[in-house]
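**Q** Quick one: the structure is below, questions incoming.
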Amino acid sequence: MADNLAQMANDPRSLHIGDPAPNFQARTTMGPMSLADFRGRWLVLFSHPADFTPVCTSEFIALAKASSRFEALQCALLAVSVDSLYSHLAWVRAIRDGFGVTINFPIVEDTSLIIGRAYGMVAEHAADAAAMRSTYFIDPAGFVRAMTCYPATVGRSVDEMLRVLAALQAVDGEDVVTPEGWKPGDAVLIPPDQDQAALLAEADDPTWFCRLRPQPAKG
């Protein structure tokens with residue numbers, strides 16, 4: 001897997017939805033970890049440009065405050081940037097002392113850029129090594145299911161991260177898809193029949209290709 005990570009680091013455009021997430025081992029603010037440690041549960045892996053920056057600080061505070069919402073969806077959080085472990089630790093302490101918030105998820109050290117380049121977190125022609133605001137939704141089997149990428153100047157929405165995660169889990173649970181702006185509890189869409197005989201046998205329905213169905217309540 002290390003060879004795979006190194007190969008992908010040389011081809012930053014090669015990671016796509018549906019690919020296995022490249023494994024890695026690295027130092028983090030909560031001890032040595034590998035991506036494989038999270039197998040069996042959902043994982044949101046996200047990069048940030050640099051420690052001690054205002055947008056990143058706002059994101060980390062919001063994510064720490066929302067950590068129980070991710071836990072409720074059986075999902076772990078894992079951050080990564082090119083800063084050193086000691087920079088991460090100093091920043092975590094500064095956030096606690098300055099804002100009264102404890103960062104309760106690990107932050108990976110990636111000073112070599114091997115993780116950032118393997119995942120495409122670092123722009124190919126970037127003027128510096130700062131990672132973009134990339135987010136990877138990785139399923140329990142270790143596959144990348146969704147990705148988002150923002151410039152350093154635009155902060156992410158924690159609510160949107162949670163919405164995407166919930167939508168991925170909803171479509172995994174049954175044969176449905178989610179409409180625009182879907183949120184947990186909203187109606188889902190029924191995929192249309194792909195068999196001509198079955199389609200023609202159905203009752204006449206002008207909206208056969210876009211039908212909503214209430215999502216069953218859980219519990």
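Residues in the structure tokens are numbered from 1 in each chain, the chains being A, B, ... in the order shown, and ligands are numbered from 1 in the order shown.
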Write out as a PyMOL selection string the residues lying within 12 Å of Leu189 of chain A, counting only C-alpha atoms and excluding same-chain residues fewer than 4 positions away.
**A** chain A and resi 167+170-171+174-180+182+207-215
**Q** Within 8 Å of Leu89 of chain A, counting only C-alpha atoms, which residues qualify if same-chain residues fewer than 4 places away don't, as a list in words?
**A**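 Counting only C-alpha atoms, the residues come to Thr29, Leu85 and Arg93 of chain A.
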**Q** Leaving out segment 32-44 of chain A and any residue of its chain fewer than 2 positions from it, which residues lie within 10 Å of it when counting only C-alpha atoms, given as an MDAnalysis selection string?
**A** chainID A and resid 21:30 46 70:71 73:79 106 108:109 135:144 146:147 161:162 165 169
**Q** Nearest residue to Thr111 of chain A out of A:Ser81, A:Thr57, A:Ser134, A:Ser67, using only C-alpha atoms?
**A** A:Ser81
**Q** Return as a PyMOL selection string the full set of residues in segment 51-176 of chain A whose backbone-based DSSP assignment is strand (DSSP E).
**A** chain A and resi 75-81+107-109+133-138+144-150
**Q** For Asp51 of chain A, list every protein, DNA or RNA residue within 10 Å, evaluated using only C-alpha atoms, and leave out those in the same chain fewer than 3 positions away; present the list as number ranges by chain.
**A** A: 48, 54-57, 81-84, 87-92
**Q** Produce a file of the selected residues containing N, CA and C atoms, as a PDB file, in the first residue's frame.
**A**
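Dumped to result-v5.pdb:
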```
ATOM      1  N   HIS A  48      -6.509  21.038   5.414  1.00  0.00           N
ATOM      2  CA  HIS A  48      -6.611  22.485   5.600  1.00  0.00           C
ATOM      3  C   HIS A  48      -5.276  23.110   5.210  1.00  0.00           C
ATOM      4  N   PRO A  54      -7.209  32.035  10.143  1.00  0.00           N
ATOM      5  CA  PRO A  54      -8.559  32.299  10.643  1.00  0.00           C
ATOM      6  C   PRO A  54      -9.641  31.369  10.112  1.00  0.00           C
ATOM      7  N   VAL A  55      -9.648  31.082   8.811  1.00  0.00           N
ATOM      8  CA  VAL A  55     -10.692  30.217   8.258  1.00  0.00           C
ATOM      9  C   VAL A  55     -10.567  28.804   8.821  1.00  0.00           C
ATOM     10  N   CYS A  56      -9.346  28.291   8.847  1.00  0.00           N
ATOM     11  CA  CYS A  56      -9.118  26.941   9.388  1.00  0.00           C
ATOM     12  C   CYS A  56      -9.543  26.863  10.847  1.00  0.00           C
ATOM     13  N   THR A  57      -9.228  27.890  11.605  1.00  0.00           N
ATOM     14  CA  THR A  57      -9.602  27.899  13.022  1.00  0.00           C
ATOM     15  C   THR A  57     -11.114  27.843  13.172  1.00  0.00           C
ATOM     16  N   SER A  81      -2.680  18.312   7.281  1.00  0.00           N
ATOM     17  CA  SER A  81      -2.077  19.452   6.594  1.00  0.00           C
ATOM     18  C   SER A  81      -0.576  19.268   6.551  1.00  0.00           C
ATOM     19  N   VAL A  82       0.095  20.143   5.828  1.00  0.00           N
ATOM     20  CA  VAL A  82       1.544  20.031   5.654  1.00  0.00           C
ATOM     21  C   VAL A  82       2.320  20.558   6.853  1.00  0.00           C
ATOM     22  N   ASP A  83       1.633  21.101   7.838  1.00  0.00           N
ATOM     23  CA  ASP A  83       2.334  21.595   9.025  1.00  0.00           C
ATOM     24  C   ASP A  83       2.873  20.435   9.855  1.00  0.00           C
ATOM     25  N   SER A  84       3.844  20.757  10.718  1.00  0.00           N
ATOM     26  CA  SER A  84       4.458  19.731  11.545  1.00  0.00           C
ATOM     27  C   SER A  84       3.563  19.358  12.718  1.00  0.00           C
ATOM     28  N   SER A  87       3.531  22.062  15.337  1.00  0.00           N
ATOM     29  CA  SER A  87       2.658  23.179  14.987  1.00  0.00           C
ATOM     30  C   SER A  87       1.208  22.822  15.278  1.00  0.00           C
ATOM     31  N   HIS A  88       0.806  21.614  14.913  1.00  0.00           N
ATOM     32  CA  HIS A  88      -0.561  21.156  15.196  1.00  0.00           C
ATOM     33  C   HIS A  88      -0.851  21.212  16.694  1.00  0.00           C
ATOM     34  N   LEU A  89       0.081  20.704  17.486  1.00  0.00           N
ATOM     35  CA  LEU A  89      -0.124  20.660  18.943  1.00  0.00           C
ATOM     36  C   LEU A  89      -0.228  22.067  19.530  1.00  0.00           C
ATOM     37  N   ALA A  90       0.616  22.974  19.038  1.00  0.00           N
ATOM     38  CA  ALA A  90       0.568  24.356  19.538  1.00  0.00           C
ATOM     39  C   ALA A  90      -0.743  25.024  19.155  1.00  0.00           C
ATOM     40  N   TRP A  91      -1.226  24.741  17.959  1.00  0.00           N
ATOM     41  CA  TRP A  91      -2.488  25.328  17.492  1.00  0.00           C
ATOM     42  C   TRP A  91      -3.668  24.785  18.290  1.00  0.00           C
ATOM     43  N   VAL A  92      -3.670  23.472  18.533  1.00  0.00           N
ATOM     44  CA  VAL A  92      -4.741  22.870  19.335  1.00  0.00           C
ATOM     45  C   VAL A  92      -4.802  23.532  20.717  1.00  0.00           C
TER      46      VAL A  92
END
```
**Q** Counting only C-alpha atoms, which of A:Gly31, A:Phe105, A:Ser112, A:Asp172 gets nearest to Arg145 of chain A?
**A**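 Looking at the shortest contact to Arg145 of chain A, the residue is A:Asp172.
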